[in-house]
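Structure file query-v1.txt (compact mmCIF, C-alpha atoms (C1' of nucleotides)) follows.
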# COMPACT_ATOMS: atom_id res chain seq x y z
CA MET W 261 69.74 131.84 75.70
CA LYS W 262 72.76 130.84 77.67
CA ARG W 263 72.18 130.39 81.38
CA LYS W 264 74.82 131.11 83.93
CA PRO W 265 75.78 127.87 85.69
CA THR W 266 74.69 127.69 89.31
CA PRO W 267 77.63 128.83 91.41
CA ASP W 268 78.55 125.68 93.26
CA HIS W 269 80.13 126.37 96.60
CA LEU W 270 81.25 122.76 96.90
CA LEU W 271 83.59 122.86 93.90
CA LEU W 272 87.14 122.02 94.97
CA ASP W 273 88.63 124.94 93.10
CA GLN W 274 86.38 127.34 94.99
CA GLN W 275 87.71 126.28 98.36
CA LEU W 276 90.02 128.57 100.26
CA CYS W 277 90.73 125.70 102.62
CA PHE W 278 92.07 123.48 99.84
CA ALA W 279 94.19 126.28 98.43
CA LEU W 280 95.69 126.64 101.90
CA TYR W 281 96.13 122.93 102.46
CA ALA W 282 97.73 122.42 99.03
CA ALA W 283 99.97 125.46 99.39
CA SER W 284 101.15 124.40 102.81
CA ARG W 285 102.08 120.93 101.63
CA SER W 286 103.77 122.28 98.50
CA ILE W 287 105.91 124.64 100.51
CA THR W 288 106.82 121.92 102.97
CA GLY W 289 107.84 119.86 99.96
CA ILE W 290 110.31 122.53 98.91
CA TYR W 291 111.81 122.66 102.37
CA ARG W 292 112.22 118.90 102.49
CA PRO W 293 115.44 118.53 100.49
CA LEU W 294 116.94 121.62 102.15
CA LEU W 295 116.16 120.31 105.63
CA GLU W 296 117.20 116.78 104.81
CA ALA W 297 120.71 118.16 104.53
CA LEU W 298 120.40 119.21 108.19
CA GLY W 299 118.75 115.97 109.22
CA LEU W 300 115.50 117.73 110.12
CA THR W 301 111.86 117.34 109.16
CA TYR W 302 109.79 120.46 108.66
CA PRO W 303 108.06 120.41 112.08
CA GLN W 304 111.41 119.69 113.70
CA TYR W 305 112.81 122.74 111.88
CA LEU W 306 110.02 124.86 113.37
CA VAL W 307 110.93 123.67 116.85
CA MET W 308 114.55 124.55 116.19
CA LEU W 309 113.54 128.02 114.96
CA VAL W 310 111.77 128.63 118.25
CA LEU W 311 114.70 127.38 120.31
CA TRP W 312 117.26 129.35 118.31
CA GLU W 313 115.17 132.39 119.14
CA GLN W 314 114.78 131.55 122.81
CA ASP W 315 116.53 128.59 124.34
CA GLY W 316 115.21 126.72 127.35
CA LEU W 317 111.46 126.51 126.95
CA THR W 318 109.14 123.89 128.37
CA VAL W 319 107.19 121.53 126.17
CA ARG W 320 104.13 123.56 126.98
CA GLU W 321 105.73 126.85 125.95
CA LEU W 322 106.95 125.33 122.69
CA GLY W 323 103.44 124.06 122.12
CA GLN W 324 101.91 127.48 122.65
CA ARG W 325 104.31 129.03 120.19
CA LEU W 326 103.72 126.41 117.50
CA GLN W 327 100.14 125.49 118.32
CA LEU W 328 101.05 121.87 118.86
CA ASP W 329 100.23 119.65 121.81
CA SER W 330 102.33 117.19 123.76
CA GLY W 331 101.01 114.31 121.71
CA THR W 332 102.87 115.76 118.75
CA LEU W 333 105.79 117.36 120.54
CA THR W 334 106.84 114.63 122.95
CA PRO W 335 107.83 112.10 120.26
CA LEU W 336 109.24 114.84 118.02
CA LEU W 337 111.43 116.15 120.83
CA LYS W 338 112.59 112.64 121.65
CA ARG W 339 113.78 112.34 118.07
CA LEU W 340 115.59 115.69 118.29
CA GLN W 341 117.17 114.40 121.48
CA SER W 342 118.25 111.17 119.78
CA ALA W 343 119.76 113.32 117.04
CA GLY W 344 121.77 115.10 119.73
CA LEU W 345 120.22 118.50 119.07
CA VAL W 346 118.30 119.11 122.30
CA SER W 347 118.22 117.93 125.90
CA ARG W 348 115.05 117.16 127.85
CA GLN W 349 115.23 117.78 131.57
CA ARG W 350 112.50 117.84 134.20
CA ARG W 351 112.45 121.06 136.12
CA THR W 352 113.53 120.79 139.72
CA ASP W 353 111.22 123.57 140.91
CA ASP W 354 108.19 122.10 139.12
CA GLU W 355 108.62 118.48 138.21
CA ARG W 356 105.62 118.49 135.91
CA ALA W 357 107.45 120.67 133.44
CA VAL W 358 110.18 119.51 131.06
CA ASP W 359 112.80 121.98 129.89
CA ILE W 360 114.00 121.69 126.32
CA ARG W 361 117.45 123.07 125.71
CA LEU W 362 119.72 123.19 122.71
CA THR W 363 122.89 121.17 122.84
CA PRO W 364 126.05 122.71 121.35
CA ALA W 365 125.28 120.71 118.20
CA GLY W 366 121.76 122.13 118.17
CA ARG W 367 123.09 125.67 118.48
CA ALA W 368 125.69 125.02 115.80
CA LEU W 369 123.06 123.84 113.33
CA ARG W 370 121.73 127.38 113.14
CA GLU W 371 124.54 128.42 110.85
CA GLN W 372 123.73 125.67 108.40
CA ALA W 373 120.12 126.84 108.39
CA SER W 374 120.85 130.52 107.92
CA ASP W 375 120.65 130.41 104.13
CA ILE W 376 117.32 128.61 103.99
CA PRO W 377 114.98 131.63 104.11
CA ALA W 378 116.76 133.41 101.26
CA CYS W 379 116.88 130.16 99.34
CA MET W 380 113.14 129.72 99.72
CA ALA W 381 112.30 133.31 98.78
CA GLN W 382 114.36 132.97 95.64
CA ARG W 383 112.82 129.60 94.81
CA LEU W 384 109.30 130.97 95.19
CA GLN W 385 110.02 134.09 93.12
CA LEU W 386 108.46 136.30 95.76
CA SER W 387 109.64 139.74 96.69
CA LEU W 388 110.17 140.38 100.38
CA ASP W 389 107.20 142.68 100.19
CA GLN W 390 104.84 140.15 98.65
CA MET W 391 105.92 137.56 101.19
CA GLN W 392 105.24 139.91 104.08
CA ARG W 393 101.81 140.84 102.82
CA LEU W 394 100.74 137.26 102.26
CA ARG W 395 102.21 136.19 105.59
CA ASP W 396 100.36 138.92 107.46
CA GLU W 397 97.12 138.11 105.69
CA LEU W 398 97.47 134.49 106.74
CA LYS W 399 98.20 135.54 110.31
CA ARG W 400 94.98 137.53 110.34
CA LEU W 401 93.12 134.51 109.02
CA THR W 402 94.58 132.33 111.76
CA GLN W 403 93.61 134.95 114.32
CA HIS W 404 90.03 134.90 113.12
CA ALA W 405 90.00 131.13 112.98
CA GLN W 406 91.15 130.94 116.56
CA THR W 407 88.75 133.56 117.86
CA PRO W 408 85.96 131.45 119.25
CA THR W 409 82.45 132.28 118.19
CA ILE W 410 80.70 134.19 120.93
CA GLU W 411 78.17 131.99 122.64
CA ASP W 412 77.34 133.21 126.12
CA MET A 458 122.42 156.01 119.51
CA LYS A 459 119.89 153.35 118.97
CA ARG A 460 120.84 150.59 116.53
CA LYS A 461 118.34 148.78 114.40
CA PRO A 462 118.30 145.12 115.39
CA THR A 463 119.73 142.79 112.78
CA PRO A 464 116.83 141.49 110.71
CA ASP A 465 116.83 137.81 111.54
CA HIS A 466 115.42 135.72 108.76
CA LEU A 467 115.16 132.73 111.06
CA LEU A 468 112.60 134.28 113.39
CA LEU A 469 109.45 132.18 113.49
CA ASP A 470 107.18 135.18 113.04
CA GLN A 471 109.00 136.11 109.85
CA GLN A 472 108.24 132.79 108.19
CA LEU A 473 105.65 132.64 105.45
CA CYS A 474 105.80 128.88 105.71
CA PHE A 475 104.76 128.86 109.36
CA ALA A 476 101.95 131.31 108.72
CA LEU A 477 100.72 128.91 106.03
CA TYR A 478 101.17 125.83 108.15
CA ALA A 479 99.42 127.38 111.15
CA ALA A 480 96.59 128.81 109.05
CA SER A 481 96.01 125.51 107.33
CA ARG A 482 95.77 123.64 110.62
CA SER A 483 93.55 126.31 112.17
CA ILE A 484 91.11 126.16 109.29
CA THR A 485 91.06 122.37 109.39
CA GLY A 486 90.27 122.70 113.06
CA ILE A 487 87.18 124.75 112.27
CA TYR A 488 85.99 122.18 109.75
CA ARG A 489 86.46 119.36 112.24
CA PRO A 490 83.24 119.73 114.24
CA LEU A 491 81.24 120.46 111.09
CA LEU A 492 82.58 117.39 109.33
CA GLU A 493 82.28 115.21 112.38
CA ALA A 494 78.53 115.58 111.97
CA LEU A 495 78.93 113.96 108.54
CA GLY A 496 81.34 111.33 109.80
CA LEU A 497 84.19 112.71 107.68
CA THR A 498 87.71 113.86 108.34
CA TYR A 499 88.99 116.86 106.43
CA PRO A 500 90.98 114.92 103.80
CA GLN A 501 88.00 112.60 103.37
CA TYR A 502 85.82 115.66 102.79
CA LEU A 503 88.19 116.78 100.03
CA VAL A 504 87.87 113.39 98.33
CA MET A 505 84.10 113.67 98.56
CA LEU A 506 84.21 117.17 97.04
CA VAL A 507 86.08 115.79 94.05
CA LEU A 508 83.69 112.88 93.63
CA TRP A 509 80.59 115.04 93.99
CA GLU A 510 82.00 117.11 91.17
CA GLN A 511 82.92 114.14 88.99
CA ASP A 512 81.99 110.63 90.01
CA GLY A 513 83.95 107.59 88.92
CA LEU A 514 87.62 108.54 89.05
CA THR A 515 90.57 106.25 89.55
CA VAL A 516 92.80 106.49 92.61
CA ARG A 517 95.39 108.06 90.36
CA GLU A 518 93.01 110.73 89.08
CA LEU A 519 91.90 111.56 92.60
CA GLY A 520 95.53 111.81 93.56
CA GLN A 521 96.31 114.21 90.75
CA ARG A 522 93.42 116.44 91.72
CA LEU A 523 94.34 116.51 95.42
CA GLN A 524 98.10 116.11 95.12
CA LEU A 525 98.04 112.98 97.23
CA ASP A 526 99.61 109.61 96.48
CA SER A 527 98.27 106.10 96.86
CA GLY A 528 100.00 105.70 100.20
CA THR A 529 97.62 108.31 101.55
CA LEU A 530 94.59 107.60 99.42
CA THR A 531 94.38 103.81 99.57
CA PRO A 532 93.72 103.59 103.32
CA LEU A 533 91.57 106.73 103.28
CA LEU A 534 89.39 105.28 100.51
CA LYS A 535 89.11 101.98 102.34
CA ARG A 536 87.72 103.91 105.29
CA LEU A 537 85.23 105.74 103.05
CA GLN A 538 84.26 102.34 101.69
CA SER A 539 83.78 100.95 105.20
CA ALA A 540 81.58 103.97 105.91
CA GLY A 541 79.49 102.98 102.90
CA LEU A 542 80.19 106.19 100.99
CA VAL A 543 82.21 104.88 98.03
CA SER A 544 82.86 101.67 96.15
CA ARG A 545 86.27 100.51 94.94
CA GLN A 546 86.28 98.42 91.80
CA ARG A 547 89.15 97.31 89.57
CA ARG A 548 88.66 98.34 85.99
CA THR A 549 88.01 95.50 83.61
CA ASP A 550 89.72 97.20 80.68
CA ASP A 551 92.82 98.03 82.75
CA GLU A 552 93.15 95.95 85.85
CA ARG A 553 95.86 98.16 87.28
CA ALA A 554 93.36 100.95 87.84
CA VAL A 555 90.76 101.10 90.59
CA ASP A 556 87.59 103.07 90.02
CA ILE A 557 86.17 104.98 92.95
CA ARG A 558 82.43 105.60 92.76
CA LEU A 559 79.95 107.19 95.09
CA THR A 560 77.33 104.96 96.63
CA PRO A 561 73.79 106.36 96.97
CA ALA A 562 74.71 107.23 100.56
CA GLY A 563 77.80 109.02 99.32
CA ARG A 564 75.77 111.03 96.83
CA ALA A 565 73.17 111.80 99.46
CA LEU A 566 75.76 113.19 101.86
CA ARG A 567 76.26 116.13 99.51
CA GLU A 568 73.08 117.77 100.75
CA GLN A 569 74.27 117.65 104.33
CA ALA A 570 77.52 119.27 103.23
CA SER A 571 75.96 122.03 101.19
CA ASP A 572 75.86 124.55 104.02
CA ILE A 573 79.46 124.09 105.05
CA PRO A 574 81.09 126.67 102.73
CA ALA A 575 78.72 129.45 103.80
CA CYS A 576 79.14 128.42 107.40
CA MET A 577 82.91 128.68 107.08
CA ALA A 578 82.85 132.02 105.29
CA GLN A 579 80.65 133.45 108.01
CA ARG A 580 82.81 131.95 110.74
CA LEU A 581 85.98 133.45 109.25
CA GLN A 582 84.41 136.86 108.75
CA LEU A 583 85.66 137.02 105.18
CA SER A 584 83.83 138.58 102.30
CA LEU A 585 83.49 136.43 99.19
CA ASP A 586 85.84 138.86 97.54
CA GLN A 587 88.55 138.62 100.17
CA MET A 588 88.29 134.84 100.12
CA GLN A 589 88.69 134.72 96.36
CA ARG A 590 91.70 136.99 96.38
CA LEU A 591 93.49 135.07 99.10
CA ARG A 592 92.59 131.76 97.48
CA ASP A 593 93.95 132.85 94.11
CA GLU A 594 97.12 134.18 95.67
CA LEU A 595 97.66 130.83 97.35
CA LYS A 596 97.04 129.02 94.09
CA ARG A 597 99.72 131.13 92.46
CA LEU A 598 102.09 130.29 95.28
CA THR A 599 101.40 126.59 94.86
CA GLN A 600 101.98 126.94 91.14
CA HIS A 601 105.35 128.51 91.74
CA ALA A 602 106.20 125.93 94.35
CA GLN A 603 105.46 123.14 91.93
CA THR A 604 107.31 124.66 88.99
CA PRO A 605 110.60 122.83 89.14
CA THR A 606 113.76 124.88 89.04
CA ILE A 607 115.25 124.76 85.59
CA GLU A 608 118.30 122.50 85.53
CA ASP A 609 119.06 121.12 82.06
C1' DG Y 631 96.96 120.77 156.00
C1' DA Y 632 94.38 117.12 153.67
C1' DA Y 633 90.93 116.41 149.96
C1' DA Y 634 89.68 118.27 145.49
C1' DA Y 635 90.80 120.58 141.44
C1' DT Y 636 94.14 121.82 138.18
C1' DT Y 637 98.20 121.43 135.48
C1' DG Y 638 102.01 119.44 132.39
C1' DA Y 639 103.83 115.44 130.03
C1' DA Y 640 103.35 111.23 128.45
C1' DT Y 641 100.64 107.60 126.44
C1' DT Y 642 97.16 105.50 123.46
C1' DG Y 643 94.64 105.20 119.38
C1' DT Y 644 93.16 106.87 114.85
C1' DA Y 645 94.18 109.14 110.63
C1' DC Y 646 96.87 111.35 107.55
C1' DA Y 647 101.49 112.41 104.50
C1' DC Y 648 105.01 110.76 101.93
C1' DA Y 649 109.28 108.12 100.53
C1' DA Y 650 110.44 103.66 99.00
C1' DT Y 651 109.44 99.10 97.68
C1' DT Y 652 106.54 95.46 95.81
C1' DT Y 653 103.34 93.34 92.73
C1' DA Y 654 100.58 92.83 88.92
C1' DA Y 655 99.10 94.58 84.55
C1' DT Y 656 99.97 96.92 80.38
C1' DT Y 657 103.00 99.14 76.75
C1' DT Y 658 106.89 99.67 74.28
C1' DT Y 659 110.63 97.90 71.59
C1' DG Y 660 113.92 95.25 69.30
C1' DC X 896 105.80 88.45 69.96
C1' DA X 897 108.78 88.12 73.98
C1' DA X 898 111.89 90.83 76.96
C1' DA X 899 112.26 95.39 78.94
C1' DA X 900 110.21 99.41 80.49
C1' DT X 901 106.39 101.68 82.37
C1' DT X 902 102.34 102.23 84.99
C1' DA X 903 98.79 101.89 88.97
C1' DA X 904 97.80 100.34 93.53
C1' DA X 905 99.05 98.51 97.48
C1' DT X 906 102.29 97.89 101.14
C1' DT X 907 105.86 99.18 104.48
C1' DG X 908 108.02 102.28 107.44
C1' DT X 909 108.72 106.82 109.56
C1' DG X 910 106.91 111.02 111.24
C1' DT X 911 103.49 114.06 112.28
C1' DA X 912 98.47 115.78 114.13
C1' DC X 913 95.19 115.55 117.50
C1' DA X 914 91.53 113.71 120.68
C1' DA X 915 91.27 111.33 124.90
C1' DT X 916 93.15 109.23 128.79
C1' DT X 917 96.55 108.52 132.39
C1' DC X 918 99.72 109.83 135.90
C1' DA X 919 102.34 112.52 138.79
C1' DA X 920 103.06 117.02 140.69
C1' DT X 921 101.31 121.28 142.24
C1' DT X 922 97.54 124.62 143.73
C1' DT X 923 93.41 125.70 145.61
C1' DT X 924 89.98 125.43 148.92
C1' DC X 925 87.59 124.25 152.79
Mind converting the file's structure to structure tokens?
Amino acid sequence: MKRKPTPDHLLLDQQLCFALYAASRSITGIYRPLLEALGLTYPQYLVMLVLWEQDGLTVRELGQRLQLDSGTLTPLLKRLQSAGLVSRQRRTDDERAVDIRLTPAGRALREQASDIPACMAQRLQLSLDQMQRLRDELKRLTQHAQTPTIED
Amino acid sequence: MKRKPTPDHLLLDQQLCFALYAASRSITGIYRPLLEALGLTYPQYLVMLVLWEQDGLTVRELGQRLQLDSGTLTPLLKRLQSAGLVSRQRRTDDERAVDIRLTPAGRALREQASDIPACMAQRLQLSLDQMQRLRDELKRLTQHAQTPTIED
DNA sequence: GAAAATTGAATTGTACACAATTTAATTTTG
DNA sequence: CAAAATTAAATTGTGTACAATTCAATTTTC
């Protein structure tokens, strides 16, 4: 008599978290050579995406959008500034806040980036539809993850 | 006449990669307090999962399983060693390789970890079925991402 | 309106990631 | 079998992540 093996919930291949972690790093790895051509790292690219969408945000607003804190963003933004892509300027009306703005070079970089999404989609062999579904499923997961457990 | 807005492939919310990146970090964030109780970080937990499954792997073998290189693993494993959870021993038959083995404490930690998967599933409000589907979809994505483009 | 609380960046410290180099050990090859 | 090539870890250097603290600026509150 053959016995079914005990389902082991600690097996690596069972883990959703590892599948996520591995997928995220793999995808970042595909971006790397594409972004290297623009002189950007992947998190820097994300910051640029946000600024291309809406220029002139504070560090805090960027952080809310990307779910990153100042400990990550401050040095990253200093590097983008050194690269001549953004300016960092304390607000005059509230000197606690620092405005991040694209320089002309930062704005110009957008054109060089415009092919990246199509390039990635093609590389990953995903239809637009499949990508959207997976993306939205992941967004739901993130939503759930960030909904704190109710404890009154 | 209303015009459809140009679909902008550079919008952050369109990006599968950001959904992945954000989801991965969110999930890690949920593990953090659970793992803190075991004195582990998330990547350390992954190493322990592999070793609980198969004890006595080399750094290289661990790296293949987790897709991490020695630059990441060497210091991480030294920390696990300092914590008394693993031993690091050069092989006698091939002195280039370093065997990583669980200590009794490392083996014992497995029991404390055994509830984590169920705890996570409950926290994320996912059925086992949903988790499996998403996990397998992500594995496929990783597969594709790691299949090099053909260039003879 | 001054003390207390809050807020926004920056800083500090720890721990990954990952490319590139180094070093030592082992294989392969002529 | 010795030189050349390969392999496995470790090391070095850069760039995130993120908790915790600090510091200055602004609000709130009494």
Distance query range 638-654 of chain Y at most 10 Å, only C-alpha atoms (C1' of nucleotides), self and fewer than 5 positions along chain excluded, as a PyMOL selection string: (chain W and resi 285+289+318-320+329-331+333-335+350+354-358) or (chain A and resi 498-501+525-530+532-533+536+552-553) or (chain X and resi 903-920)
Both chains have the same sequence, so superpose chain W on chain A over all Cα atoms paired in order and return it as a JSON list (two decimals) with C-alpha atoms, in the frame of the given file.
[["chain", "number", "residue", "atom", "x", "y", "z"],
["W", 261, "MET", "CA", 122.48, 155.93, 119.56],
["W", 262, "LYS", "CA", 119.94, 153.23, 119.05],
["W", 263, "ARG", "CA", 120.93, 150.55, 116.56],
["W", 264, "LYS", "CA", 118.43, 148.76, 114.43],
["W", 265, "PRO", "CA", 118.37, 145.08, 115.40],
["W", 266, "THR", "CA", 119.78, 142.76, 112.75],
["W", 267, "PRO", "CA", 116.85, 141.51, 110.70],
["W", 268, "ASP", "CA", 116.82, 137.84, 111.53],
["W", 269, "HIS", "CA", 115.42, 135.73, 108.75],
["W", 270, "LEU", "CA", 115.17, 132.73, 111.04],
["W", 271, "LEU", "CA", 112.61, 134.29, 113.39],
["W", 272, "LEU", "CA", 109.44, 132.19, 113.48],
["W", 273, "ASP", "CA", 107.18, 135.18, 113.03],
["W", 274, "GLN", "CA", 109.00, 136.11, 109.83],
["W", 275, "GLN", "CA", 108.24, 132.81, 108.17],
["W", 276, "LEU", "CA", 105.65, 132.64, 105.44],
["W", 277, "CYS", "CA", 105.80, 128.87, 105.69],
["W", 278, "PHE", "CA", 104.75, 128.86, 109.34],
["W", 279, "ALA", "CA", 101.95, 131.32, 108.69],
["W", 280, "LEU", "CA", 100.72, 128.91, 106.02],
["W", 281, "TYR", "CA", 101.16, 125.82, 108.14],
["W", 282, "ALA", "CA", 99.42, 127.40, 111.15],
["W", 283, "ALA", "CA", 96.60, 128.81, 109.04],
["W", 284, "SER", "CA", 95.99, 125.51, 107.33],
["W", 285, "ARG", "CA", 95.75, 123.64, 110.61],
["W", 286, "SER", "CA", 93.54, 126.32, 112.16],
["W", 287, "ILE", "CA", 91.11, 126.16, 109.28],
["W", 288, "THR", "CA", 91.05, 122.39, 109.37],
["W", 289, "GLY", "CA", 90.25, 122.72, 113.06],
["W", 290, "ILE", "CA", 87.17, 124.77, 112.26],
["W", 291, "TYR", "CA", 85.99, 122.20, 109.76],
["W", 292, "ARG", "CA", 86.43, 119.37, 112.22],
["W", 293, "PRO", "CA", 83.21, 119.74, 114.23],
["W", 294, "LEU", "CA", 81.22, 120.48, 111.06],
["W", 295, "LEU", "CA", 82.57, 117.39, 109.31],
["W", 296, "GLU", "CA", 82.27, 115.21, 112.37],
["W", 297, "ALA", "CA", 78.53, 115.60, 111.96],
["W", 298, "LEU", "CA", 78.92, 113.95, 108.53],
["W", 299, "GLY", "CA", 81.33, 111.33, 109.80],
["W", 300, "LEU", "CA", 84.17, 112.70, 107.68],
["W", 301, "THR", "CA", 87.71, 113.87, 108.33],
["W", 302, "TYR", "CA", 88.98, 116.88, 106.42],
["W", 303, "PRO", "CA", 90.97, 114.93, 103.78],
["W", 304, "GLN", "CA", 88.02, 112.59, 103.37],
["W", 305, "TYR", "CA", 85.82, 115.66, 102.78],
["W", 306, "LEU", "CA", 88.19, 116.78, 100.02],
["W", 307, "VAL", "CA", 87.88, 113.40, 98.34],
["W", 308, "MET", "CA", 84.11, 113.66, 98.55],
["W", 309, "LEU", "CA", 84.21, 117.17, 97.04],
["W", 310, "VAL", "CA", 86.08, 115.79, 94.05],
["W", 311, "LEU", "CA", 83.69, 112.87, 93.63],
["W", 312, "TRP", "CA", 80.59, 115.04, 94.00],
["W", 313, "GLU", "CA", 82.02, 117.10, 91.17],
["W", 314, "GLN", "CA", 82.90, 114.13, 89.00],
["W", 315, "ASP", "CA", 82.00, 110.62, 90.01],
["W", 316, "GLY", "CA", 83.96, 107.57, 88.93],
["W", 317, "LEU", "CA", 87.61, 108.52, 89.04],
["W", 318, "THR", "CA", 90.57, 106.23, 89.55],
["W", 319, "VAL", "CA", 92.79, 106.47, 92.58],
["W", 320, "ARG", "CA", 95.39, 108.04, 90.35],
["W", 321, "GLU", "CA", 93.01, 110.70, 89.05],
["W", 322, "LEU", "CA", 91.88, 111.54, 92.57],
["W", 323, "GLY", "CA", 95.52, 111.81, 93.54],
["W", 324, "GLN", "CA", 96.29, 114.21, 90.72],
["W", 325, "ARG", "CA", 93.40, 116.42, 91.70],
["W", 326, "LEU", "CA", 94.33, 116.51, 95.39],
["W", 327, "GLN", "CA", 98.08, 116.10, 95.09],
["W", 328, "LEU", "CA", 98.05, 112.97, 97.20],
["W", 329, "ASP", "CA", 99.59, 109.61, 96.44],
["W", 330, "SER", "CA", 98.27, 106.09, 96.84],
["W", 331, "GLY", "CA", 100.01, 105.72, 100.17],
["W", 332, "THR", "CA", 97.63, 108.32, 101.54],
["W", 333, "LEU", "CA", 94.59, 107.60, 99.40],
["W", 334, "THR", "CA", 94.39, 103.82, 99.55],
["W", 335, "PRO", "CA", 93.75, 103.62, 103.31],
["W", 336, "LEU", "CA", 91.58, 106.74, 103.25],
["W", 337, "LEU", "CA", 89.41, 105.30, 100.49],
["W", 338, "LYS", "CA", 89.13, 102.01, 102.34],
["W", 339, "ARG", "CA", 87.73, 103.93, 105.29],
["W", 340, "LEU", "CA", 85.25, 105.75, 103.04],
["W", 341, "GLN", "CA", 84.28, 102.35, 101.69],
["W", 342, "SER", "CA", 83.80, 100.97, 105.20],
["W", 343, "ALA", "CA", 81.62, 103.99, 105.91],
["W", 344, "GLY", "CA", 79.50, 103.00, 102.91],
["W", 345, "LEU", "CA", 80.20, 106.19, 100.98],
["W", 346, "VAL", "CA", 82.21, 104.88, 98.02],
["W", 347, "SER", "CA", 82.86, 101.65, 96.16],
["W", 348, "ARG", "CA", 86.28, 100.50, 94.96],
["W", 349, "GLN", "CA", 86.29, 98.41, 91.82],
["W", 350, "ARG", "CA", 89.16, 97.29, 89.60],
["W", 351, "ARG", "CA", 88.66, 98.29, 86.03],
["W", 352, "THR", "CA", 87.98, 95.45, 83.65],
["W", 353, "ASP", "CA", 89.71, 97.13, 80.71],
["W", 354, "ASP", "CA", 92.82, 97.96, 82.75],
["W", 355, "GLU", "CA", 93.13, 95.91, 85.88],
["W", 356, "ARG", "CA", 95.84, 98.13, 87.31],
["W", 357, "ALA", "CA", 93.37, 100.92, 87.82],
["W", 358, "VAL", "CA", 90.76, 101.09, 90.59],
["W", 359, "ASP", "CA", 87.57, 103.04, 90.03],
["W", 360, "ILE", "CA", 86.16, 104.97, 92.96],
["W", 361, "ARG", "CA", 82.45, 105.59, 92.78],
["W", 362, "LEU", "CA", 79.96, 107.18, 95.11],
["W", 363, "THR", "CA", 77.34, 104.96, 96.65],
["W", 364, "PRO", "CA", 73.80, 106.35, 96.99],
["W", 365, "ALA", "CA", 74.72, 107.22, 100.58],
["W", 366, "GLY", "CA", 77.82, 109.02, 99.34],
["W", 367, "ARG", "CA", 75.76, 111.02, 96.86],
["W", 368, "ALA", "CA", 73.15, 111.79, 99.50],
["W", 369, "LEU", "CA", 75.75, 113.19, 101.88],
["W", 370, "ARG", "CA", 76.24, 116.12, 99.53],
["W", 371, "GLU", "CA", 73.08, 117.77, 100.76],
["W", 372, "GLN", "CA", 74.27, 117.64, 104.34],
["W", 373, "ALA", "CA", 77.51, 119.28, 103.24],
["W", 374, "SER", "CA", 75.94, 122.04, 101.19],
["W", 375, "ASP", "CA", 75.83, 124.55, 104.03],
["W", 376, "ILE", "CA", 79.45, 124.11, 105.05],
["W", 377, "PRO", "CA", 81.07, 126.68, 102.74],
["W", 378, "ALA", "CA", 78.69, 129.46, 103.80],
["W", 379, "CYS", "CA", 79.13, 128.42, 107.40],
["W", 380, "MET", "CA", 82.90, 128.68, 107.09],
["W", 381, "ALA", "CA", 82.83, 132.04, 105.30],
["W", 382, "GLN", "CA", 80.63, 133.45, 108.02],
["W", 383, "ARG", "CA", 82.81, 131.96, 110.76],
["W", 384, "LEU", "CA", 85.95, 133.46, 109.25],
["W", 385, "GLN", "CA", 84.38, 136.90, 108.75],
["W", 386, "LEU", "CA", 85.63, 137.03, 105.18],
["W", 387, "SER", "CA", 83.80, 138.58, 102.29],
["W", 388, "LEU", "CA", 83.47, 136.44, 99.19],
["W", 389, "ASP", "CA", 85.82, 138.86, 97.53],
["W", 390, "GLN", "CA", 88.55, 138.62, 100.16],
["W", 391, "MET", "CA", 88.29, 134.85, 100.12],
["W", 392, "GLN", "CA", 88.68, 134.72, 96.35],
["W", 393, "ARG", "CA", 91.70, 136.99, 96.36],
["W", 394, "LEU", "CA", 93.48, 135.07, 99.08],
["W", 395, "ARG", "CA", 92.58, 131.75, 97.47],
["W", 396, "ASP", "CA", 93.94, 132.84, 94.10],
["W", 397, "GLU", "CA", 97.11, 134.17, 95.66],
["W", 398, "LEU", "CA", 97.66, 130.83, 97.35],
["W", 399, "LYS", "CA", 97.03, 129.01, 94.08],
["W", 400, "ARG", "CA", 99.72, 131.12, 92.44],
["W", 401, "LEU", "CA", 102.08, 130.28, 95.27],
["W", 402, "THR", "CA", 101.39, 126.57, 94.85],
["W", 403, "GLN", "CA", 101.97, 126.93, 91.12],
["W", 404, "HIS", "CA", 105.35, 128.49, 91.72],
["W", 405, "ALA", "CA", 106.21, 125.92, 94.35],
["W", 406, "GLN", "CA", 105.44, 123.13, 91.94],
["W", 407, "THR", "CA", 107.31, 124.65, 89.02],
["W", 408, "PRO", "CA", 110.60, 122.84, 89.17],
["W", 409, "THR", "CA", 113.74, 124.92, 89.08],
["W", 410, "ILE", "CA", 115.25, 124.82, 85.63],
["W", 411, "GLU", "CA", 118.34, 122.68, 85.63],
["W", 412, "ASP", "CA", 119.18, 121.39, 82.17]]
Would you compute the box with edges along x, y and z of the file around range 544-554 of chain A, including every atom the file lists for it and 3 Å extra on each side, and give its centre and edge lengths in Å to one decimal, as JSON?
{"center_x": 89.4, "center_y": 98.6, "center_z": 88.4, "size_x": 19.0, "size_y": 12.2, "size_z": 21.5}
Test item: residues at most 9 Å from DT902 in chain X, all atoms listed in the file, excluding those fewer than 3 positions along its chain, as JSON, numbers by chain: {"A": [553], "Y": [655, 656, 657]}
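You will find CA of Asp556 in chain A at 5.6 Å from CA of Leu514 in chain A.
Note that CA of His466 in chain A and CA of Ala365 in chain W are 20.3 Å apart.
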Distance-based interface of chain W with chain A, 8 Å, counting only C-alpha atoms, as a ChimeraX atom specification: /W:269-272,274-284,286-288,290,306,309-310,313,326-327,374,377-378,383-385,391-392,394-396,398-399,401-402,404-406,409
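The space separating CA of Leu369 in chain W from CA of Gln349 in chain W comes to 20.8 Å.
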Contact residues around DA897 in chain X with only C-alpha atoms (C1' of nucleotides) at 12 Å, ignoring same-chain residues under 6 positions, as a PyMOL selection string: chain Y and resi 658-660
